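Below is one structure, written out as structure tokens; comments come after it.
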Amino acid sequence: MKDWIDFGLVRDFATEKTDAYRLCTKPEGWVERYGGDVVVSYKSEAARDQILHELDEWSLLSQERFGRIFGRYLPKQNPERHPPQLISGDPNELLHRTIVEREVCYQVDFGAGYSVGLFLDQRENRSFVRRAGPRRLLNCFAYTCSFSVVAGMAGAETVNVDLSKKSLNRGRDNFMLNRLATDRHRFVADDVLVLLPRLARRGERFDMIILDPPTFSRSRTSRAWQVEQGFENLLLAALEVAEREAKILLATNCTRLNERTLEVMGRFCLKAIRRAGAFHRSPSLPDFPPGAAASSLWMILR
Ligand SMILES: C[S@@+](CC[C@H](N)C(=O)[O-])C[C@H]1O[C@@H](n2cnc3c(N)ncnc32)[C@H](O)[C@@H]1O
């Protein structure tokens, strides 16, 4: 079926113990699976109805059955973002559930907000973190701390920074879900832009840093921030706390910044501070067609 993943890929995900992935991507919407539930994201009601019709057909052909179907409208403006709404399935079932990605568990919550708690297009970057096995990871804009959980499983200590205390508490839950003690992990509810210079002054250093900022940010302490204008200064501040051979993830879901632009920004920052580095791209995701996933790139310092 056009725009839908093939059944062989469904089997591959089951083999690698992953039950959360993208099922379909269209210009007007997409479908993501979270264990036995799915979320249909759509730009118009006509697109939603068409996707629901195809989901029925795909489900029949693949023999994959889903308990609940949620619908999430994709608005043009951030203030119009709302949590997914139940379209079909049991309304009395809990809104949160555990999913698994390459044997690591995460909790997703269909009622907590516009995003359910795990960005599926960061799967390969999470695996990169786990394989690289950092000693000290700084997770900026940590959200539900998924990068820190995989780093923790590889033995790292982590510092997680996010404005939202609620998201960091969900991060703590993700550690517990994977039987990881949180005593070697710090959860700091603060503004990354304010905290980075403070960490540098304190002499804190990290061998891995995650920079995955939102497109826009406004906090009590810093002025309105926009990723296109702000990414370079953010990276320069992060480089102040980077160890000699640190690895830094540059990621954004701002559609105006692609991997090439991220690399140009990265090279500009390295030149500005007279440091050398290389760039590495994680493999592309088989369930996300080109251009559908967030842009991301690893900067490897030398
Ligand atoms: C794109 S999400 C990060 C996703 C995360 N890297 C992941 O893969 O799960 C953006 C997060 O940045 C947080 N945030 C926005 N502005 C911030 C700021 N100035 N300082 C710290 N956190 C901020 C939001 O609360 C949100 O959790």
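Naming works like this for the structure tokens: A, B, ... for the chains as they're shown, residue 1 at the start of each chain, ligands 1 onward in shown order.
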
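For A:Phe288, the set of protein, DNA and RNA residues having any atom at most 8 Å away, when counting only C-alpha atoms and skipping those fewer than 5 positions along the same chain, is Arg22, Thr25, Asp121 and Ala293 of chain A.
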
*asked:* Could you list, as JSON, numbers by chain, all residues that come within 8 Å of ligand 1? Count only C-alpha atoms and all ligand atoms.
replied: {"A": [117, 118, 119, 122, 139, 140, 141, 142, 143, 144, 145, 146, 147, 161, 162, 163, 164, 167, 189, 190, 191, 192, 193, 194, 210, 211, 212, 213, 214, 215, 216, 217, 218, 219, 222, 225, 252, 253]}

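Excluding stretch 12-21 of chain A itself and same-chain residues fewer than 5 positions from it, the residues having an atom within 9 Å of it are Phe7, Val31, Glu32, Arg33, Tyr34, Gly35, Gly36, Ile99, Val100, Glu101, Arg102, Glu103, Val104, Leu120, Asp121, Asp287 and Phe288 of chain A, counting only C-alpha atoms.
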
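Shortest separation to A:Leu23 among A:Gly171, A:Gly266, A:Pro83, A:Pro289 occurs at residue A:Pro289, atoms counted being only C-alpha atoms.
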
*asked:* If we count only C-alpha atoms and set the cut-off at 10 Å, which residues sit around A:Leu250, ignoring sequence neighbours fewer than 2 positions away in its own chain? Please answer as a ChimeraX atom specification.
replied: /A:209-213,231,235,247-248,252,259,262-263,265-266,295-299

*Name the residues in contact with A:Thr182 at a cut-off of 12 Å, using only C-alpha atoms, excluding same-chain residues fewer than 3 positions from it; report them as a ChimeraX atom specification.*
/A:145,148-149,152-153,155-160,168-169,171-179,185-187

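You will find atom CA of A:Asp183 at 14.4 Å from atom CA of A:Leu137.
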
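Take atom CA of A:Ile87 and atom CA of A:Glu28: the distance between them is 18.2 Å.
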
*Polymer residues at most 6 Å from A:Cys24, only C-alpha atoms, same-chain spacing of 4 or more positions, as number ranges by chain*: A: 3-4, 30-31

Next, the residues of the selection above should be written as an mmCIF file, in the first residue's frame with N, CA and C atoms.
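Written out: out-v1.cif:
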```
data_model
loop_
_atom_site.group_PDB
_atom_site.id
_atom_site.type_symbol
_atom_site.label_atom_id
_atom_site.label_comp_id
_atom_site.auth_asym_id
_atom_site.auth_seq_id
_atom_site.Cartn_x
_atom_site.Cartn_y
_atom_site.Cartn_z
ATOM 1 N N ASP A 3 2.518 4.732 0.665
ATOM 2 C CA ASP A 3 2.729 5.563 1.875
ATOM 3 C C ASP A 3 2.787 4.770 3.187
ATOM 4 N N TRP A 4 2.546 3.448 3.148
ATOM 5 C CA TRP A 4 2.547 2.614 4.363
ATOM 6 C C TRP A 4 3.786 1.725 4.371
ATOM 7 N N TRP A 30 0.196 11.580 9.161
ATOM 8 C CA TRP A 30 0.964 10.343 9.352
ATOM 9 C C TRP A 30 0.353 9.510 10.468
ATOM 10 N N VAL A 31 0.821 8.261 10.573
ATOM 11 C CA VAL A 31 0.318 7.362 11.611
ATOM 12 C C VAL A 31 1.505 6.777 12.363
#
```

_Here is a test: counting only C-alpha atoms, which residue of A:Arg267, A:Arg198, A:Arg11, A:Arg48 is nearest to A:Pro27?_
A:Arg48

*Do you have the atom CA of A:Leu257-atom CA of A:Gln226 distance handy?*
11.8 Å

*Mind checking which residues fall within 7 Å of stretch 69-71 of chain A, counting only C-alpha atoms, ignoring those fewer than 5 positions away in the same chain, and posting them as JSON, numbers by chain?*
{"A": [37, 38, 39, 40, 41, 84, 85, 86, 87, 88, 89]}

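Nearest to A:Asp56 of all the residues A:Leu138, A:Leu239, A:Met1, A:Leu196 is A:Met1, counting only C-alpha atoms.
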
_Per-residue DSSP, stretch 49-277 of chain A, filtered to alpha helix (DSSP H), as a VMD selection string_ = chain A and resid 49 to 62 123 to 132 146 to 153 165 to 177 192 to 201 227 to 239 259 to 272

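Nearest residue to A:Ala292 among A:Leu9, A:Ala47, A:Lys26, A:Tyr73 is A:Lys26, counting only C-alpha atoms.
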